[in-house]
$ cat structure23.txt   # compact mmCIF, C-alpha atoms and all ligand atoms
# COMPACT_ATOMS: atom_id res chain seq x y z
CA MET N 1 18.59 27.45 36.19
CA MET N 2 17.94 29.58 33.12
CA LYS N 3 20.65 27.70 31.28
CA ASN N 4 18.97 24.37 32.02
CA TYR N 5 15.66 25.69 30.83
CA LEU N 6 17.20 26.93 27.61
CA LEU N 7 18.99 23.64 27.08
CA SER N 8 15.82 21.58 27.45
CA PHE N 9 14.04 23.95 25.11
CA ILE N 10 16.74 23.49 22.48
CA LEU N 11 16.63 19.71 22.94
CA LEU N 12 12.86 19.68 22.56
CA PHE N 13 13.07 21.87 19.50
CA THR N 14 15.67 19.62 17.87
CA ALA N 15 13.62 16.52 18.62
CA THR N 16 10.49 18.09 17.15
CA THR N 17 12.21 19.22 13.97
CA LYS N 18 13.68 15.77 13.58
CA LEU N 19 10.25 14.22 13.93
CA ILE N 20 8.75 16.58 11.39
CA SER N 21 11.52 16.00 8.87
CA GLN N 22 11.07 12.24 9.24
CA ASN N 23 7.39 12.56 8.46
CA LYS N 24 6.37 10.92 5.21
CA SER N 25 4.95 12.88 2.34
CA TYR N 26 1.71 10.96 2.74
CA SER N 27 -0.37 10.46 5.84
CA LYS N 28 -3.69 8.93 6.74
CA ASP N 29 -5.31 12.38 6.88
CA LYS N 30 -3.93 13.27 3.49
CA ILE N 31 -5.08 10.01 1.90
CA MET N 32 -8.53 10.27 3.50
CA SER N 33 -8.96 13.89 2.44
CA GLU N 34 -8.19 13.12 -1.20
CA LYS N 35 -11.30 12.85 -3.28
CA LYS N 36 -12.65 9.42 -4.13
CA ILE N 37 -12.11 8.41 -7.71
CA ILE N 38 -15.24 7.21 -9.42
CA LYS N 39 -15.07 6.21 -13.09
CA SER N 40 -17.28 4.17 -15.35
CA ASP N 41 -15.97 0.90 -16.82
CA LYS N 42 -15.61 2.71 -20.12
CA GLU N 43 -13.42 5.40 -18.53
CA TRP N 44 -11.29 2.81 -16.74
CA LYS N 45 -10.81 0.90 -19.99
CA GLU N 46 -9.37 4.05 -21.55
CA ILE N 47 -6.53 4.26 -19.02
CA LEU N 48 -5.97 0.60 -18.06
CA SER N 49 -4.69 -2.29 -20.15
CA GLU N 50 -7.00 -5.27 -20.59
CA GLU N 51 -5.10 -7.21 -17.92
CA GLU N 52 -5.11 -4.27 -15.48
CA PHE N 53 -8.83 -3.79 -16.00
CA HIS N 54 -9.47 -7.49 -15.41
CA ILE N 55 -7.64 -7.49 -12.09
CA LEU N 56 -8.30 -4.02 -10.70
CA ARG N 57 -11.92 -3.64 -11.77
CA ASN N 58 -13.16 -7.23 -12.16
CA LYS N 59 -11.28 -8.66 -9.17
CA GLY N 60 -9.13 -10.99 -11.23
CA THR N 61 -6.00 -12.71 -9.98
CA GLU N 62 -2.69 -12.93 -11.80
CA TYR N 63 -1.04 -16.35 -12.10
CA PRO N 64 1.22 -17.04 -9.11
CA HIS N 65 4.98 -16.48 -9.52
CA THR N 66 4.43 -14.41 -12.67
CA GLY N 67 4.06 -10.87 -11.31
CA LYS N 68 6.87 -8.38 -11.74
CA TYR N 69 6.94 -7.43 -8.04
CA ASN N 70 6.78 -10.95 -6.61
CA LEU N 71 10.55 -11.05 -5.99
CA HIS N 72 11.15 -7.31 -6.06
CA PHE N 73 12.91 -5.81 -3.03
CA GLU N 74 13.96 -2.23 -3.68
CA ASN N 75 13.49 0.75 -1.40
CA GLY N 76 10.39 2.70 -2.25
CA VAL N 77 6.64 2.88 -2.28
CA TYR N 78 4.05 0.80 -4.11
CA ASN N 79 1.23 2.98 -5.41
CA CYS N 80 -2.17 1.92 -6.67
CA ASN N 81 -1.88 1.16 -10.35
CA GLY N 82 -5.33 2.62 -10.94
CA CYS N 83 -5.13 5.99 -9.15
CA ASN N 84 -1.55 6.36 -7.86
CA THR N 85 -2.42 6.43 -4.15
CA PRO N 86 0.52 5.19 -2.01
CA LEU N 87 -0.53 1.79 -0.59
CA PHE N 88 2.50 -0.13 0.65
CA GLU N 89 6.10 0.64 1.60
CA SER N 90 9.07 -1.53 0.76
CA ASP N 91 9.81 -2.16 4.46
CA GLN N 92 6.35 -3.73 4.77
CA LYS N 93 7.21 -6.23 2.03
CA PHE N 94 8.53 -9.67 2.87
CA GLU N 95 9.53 -12.70 0.87
CA SER N 96 6.71 -15.18 0.78
CA ASP N 97 6.56 -18.37 -1.20
CA CYS N 98 2.89 -17.88 -2.05
CA GLY N 99 3.72 -16.48 -5.51
CA TRP N 100 2.40 -12.94 -5.09
CA PRO N 101 3.95 -9.81 -3.61
CA SER N 102 3.33 -9.98 0.15
CA PHE N 103 3.26 -7.22 2.74
CA ASP N 104 2.83 -7.43 6.51
CA ASP N 105 0.98 -4.13 6.70
CA ALA N 106 -0.35 -1.32 4.51
CA ILE N 107 0.11 2.43 4.70
CA GLU N 108 -2.41 3.63 7.29
CA GLY N 109 -5.77 4.51 5.78
CA ALA N 110 -4.83 3.46 2.24
CA VAL N 111 -6.55 0.09 2.09
CA LYS N 112 -10.18 -0.89 2.63
CA TYR N 113 -11.25 -4.34 3.83
CA VAL N 114 -14.23 -6.11 2.28
CA ASP N 115 -15.74 -9.49 3.23
CA ASP N 116 -15.41 -11.83 0.28
CA PHE N 117 -17.44 -15.05 0.18
CA SER N 118 -16.71 -15.92 -3.44
CA HIS N 119 -15.30 -19.30 -4.59
CA ASN N 120 -16.78 -21.02 -1.50
CA MET N 121 -14.25 -19.33 0.77
CA VAL N 122 -14.40 -16.73 3.49
CA ARG N 123 -11.70 -14.20 2.77
CA THR N 124 -10.99 -10.53 3.30
CA GLU N 125 -10.55 -8.66 0.09
CA ILE N 126 -8.33 -5.58 0.08
CA VAL N 127 -9.15 -2.63 -2.17
CA CYS N 128 -7.65 0.82 -2.71
CA VAL N 129 -9.46 3.33 -0.50
CA ARG N 130 -9.66 5.97 -3.24
CA CYS N 131 -10.64 4.08 -6.39
CA ASP N 132 -11.88 0.75 -4.93
CA GLY N 133 -9.41 -1.04 -7.20
CA HIS N 134 -9.00 -4.72 -6.29
CA LEU N 135 -5.55 -5.40 -4.79
CA GLY N 136 -5.81 -8.94 -3.43
CA HIS N 137 -6.63 -10.47 -0.04
CA VAL N 138 -5.28 -10.26 3.48
CA PHE N 139 -4.67 -13.40 5.56
CA ASP N 140 -3.85 -13.98 9.23
CA ASP N 141 -0.86 -16.24 8.58
CA GLY N 142 1.88 -13.64 8.24
CA PRO N 143 5.31 -14.57 9.64
CA THR N 144 6.14 -11.14 11.15
CA ASP N 145 4.90 -9.34 14.28
CA THR N 146 1.75 -8.04 12.59
CA GLY N 147 0.64 -11.62 11.83
CA LYS N 148 -0.80 -10.36 8.55
CA ARG N 149 -0.06 -11.34 4.97
CA TYR N 150 -1.35 -8.85 2.43
CA CYS N 151 -1.29 -10.89 -0.74
CA VAL N 152 -1.31 -8.44 -3.62
CA ASN N 153 -1.37 -8.70 -7.42
CA SER N 154 1.71 -7.10 -9.03
CA ILE N 155 -0.61 -5.67 -11.66
CA SER N 156 -2.57 -3.79 -9.00
CA ILE N 157 0.48 -1.84 -7.85
CA ASP N 158 3.13 0.43 -9.34
CA PHE N 159 6.54 0.75 -7.70
CA ASN N 160 8.20 4.10 -7.16
CA LYS N 161 11.77 4.36 -5.90
CA ASN N 162 12.11 6.26 -2.66
CA PRO N 163 13.43 9.68 -3.68
CA ASN N 164 15.02 10.16 -0.22
CA LYS N 165 17.17 7.04 -0.46
CA LYS N 166 19.75 7.03 -3.18
ZN ZN V 201 -6.56 3.32 -6.37

$ encode --input "structure23.txt" --output "structure tokens" --more "lines below"
Ligand SMILES: [Zn+2]
Amino acid sequence: MMKNYLLSFILLFTATTKLISQNKSYSKDKIMSEKKIIKSDKEWKEILSEEEFHILRNKGTEYPHTGKYNLHFENGVYNCNGCNTPLFESDQKFESDCGWPSFDDAIEGAVKYVDDFSHNMVRTEIVCVRCDGHLGHVFDDGPTDTGKRYCVNSISIDFNKNPNKK
């Protein structure tokens, strides 16, 4: 009896440690607890290129099929190019023929959704939760289980190789 008890305890312990070690370095709580980044246009212009400023701060769109991450499929994380917050993971990325990097989901809590009625369309804009940087739009025509297509400007994101996967 005692032996069984001990065995289940060890099993539980192993499972818990495994879960903890699999935990990502970022989490919704961590992202939400980070301070919001508020800068003036002048301050943003000091750290962003003209093109980055146009897209991230003035909601511009890069030309389709021109972005450096459009056909980029390495293991890692895509951070916000304005404030470095982790936004998307490589396993959320899928090949889409729309001409922009496409993801079927975002890291929980990292992206904010804003109604966008510009250009005579009804769309959902996606912005970085910390710096409100414009990322792109999300559509309901995704080909995977989530049904979502996060259509993101390459210029809005910055890829970082996953340090755990060599
Ligand atoms: Zn940001």

$ residues_around --input "structure23.txt" --residues "Val129 in chain N" --least-positions-apart "4" --cutoff "12 Å" --atoms "all atoms listed in the file" --output "PyMOL selection string"
chain N and resi 28+31-38+79-80+82-87+106-114+133-135

$ closest_residue --input "structure23.txt" --among "N:Glu50, N:Asp145, N:Asp132, N:Asp105" --to "ligand ZN 201 (chain V)" --atoms "only C-alpha atoms and all ligand atoms"
N:Asp132

$ residues_around --input "structure23.txt" --residues "Lys93 in chain N" --least-positions-apart "2" --cutoff "8 Å" --atoms "all atoms listed in the file" --output "list in words"
Phe73, Phe88, Glu89, Ser90, Asp91, Glu95, Pro101, Ser102, Phe103 and Asp104 of chain N

$ closest_residue --input "structure23.txt" --among "N:Lys39, N:Arg149, N:His72, N:His119" --to "ligand ZN 201 (chain V)" --atoms "all atoms listed in the file"
N:Lys39

$ atom_distance --input "structure23.txt" --atom1 "CA of Gly99 in chain N" --atom2 "CA of Cys131 in chain N"
25.1 Å

$ closest_residue --input "structure23.txt" --among "N:Phe117, N:Trp44, N:Trp100, N:Tyr69" --to "ligand ZN 201 (chain V)" --atoms "only C-alpha atoms and all ligand atoms"
N:Trp44

$ atom_distance --input "structure23.txt" --atom1 "CA of Thr146 in chain N" --atom2 "CA of Ser96 in chain N"
14.7 Å

$ closest_residue --input "structure23.txt" --among "N:Cys98, N:Cys128, N:Ile157, N:Val152" --to "Pro64 in chain N" --atoms "only C-alpha atoms"
N:Cys98

$ residues_around --input "structure23.txt" --residues "Asp41 in chain N" --least-positions-apart "3" --cutoff "10 Å" --atoms "all atoms listed in the file" --output "JSON, numbers by chain"
{"N": [38, 44, 45, 46, 53, 57, 58]}

$ closest_residue --input "structure23.txt" --among "N:Asp141, N:Asp29, N:Glu43, N:Glu52" --to "Asp158 in chain N" --atoms "all atoms listed in the file"
N:Glu52

$ residues_near_point --input "structure23.txt" --point "(-10.2, -9.0, 0.8)" --cutoff "7 Å" --atoms "only C-alpha atoms" --output "list in words"
Tyr113, Val114, Asp115, Asp116, Arg123, Thr124, Glu125, Ile126, Gly136, His137 and Val138 of chain N

$ axis_aligned_box --input "structure23.txt" --around "range 92-108 of chain N" --padding-each-side "5 Å" --output "lines of an AutoDock Vina configuration file"
center_x = 3.6
center_y = -7.4
center_z = 0.9
size_x = 21.9
size_y = 32.0
size_z = 22.8

$ closest_residue --input "structure23.txt" --among "N:Asn81, N:Arg130, N:Asp140, N:Asp97" --to "Ile55 in chain N" --atoms "only C-alpha atoms"
N:Asn81

$ atom_distance --input "structure23.txt" --atom1 "CA of His65 in chain N" --atom2 "CA of Tyr150 in chain N"
15.5 Å
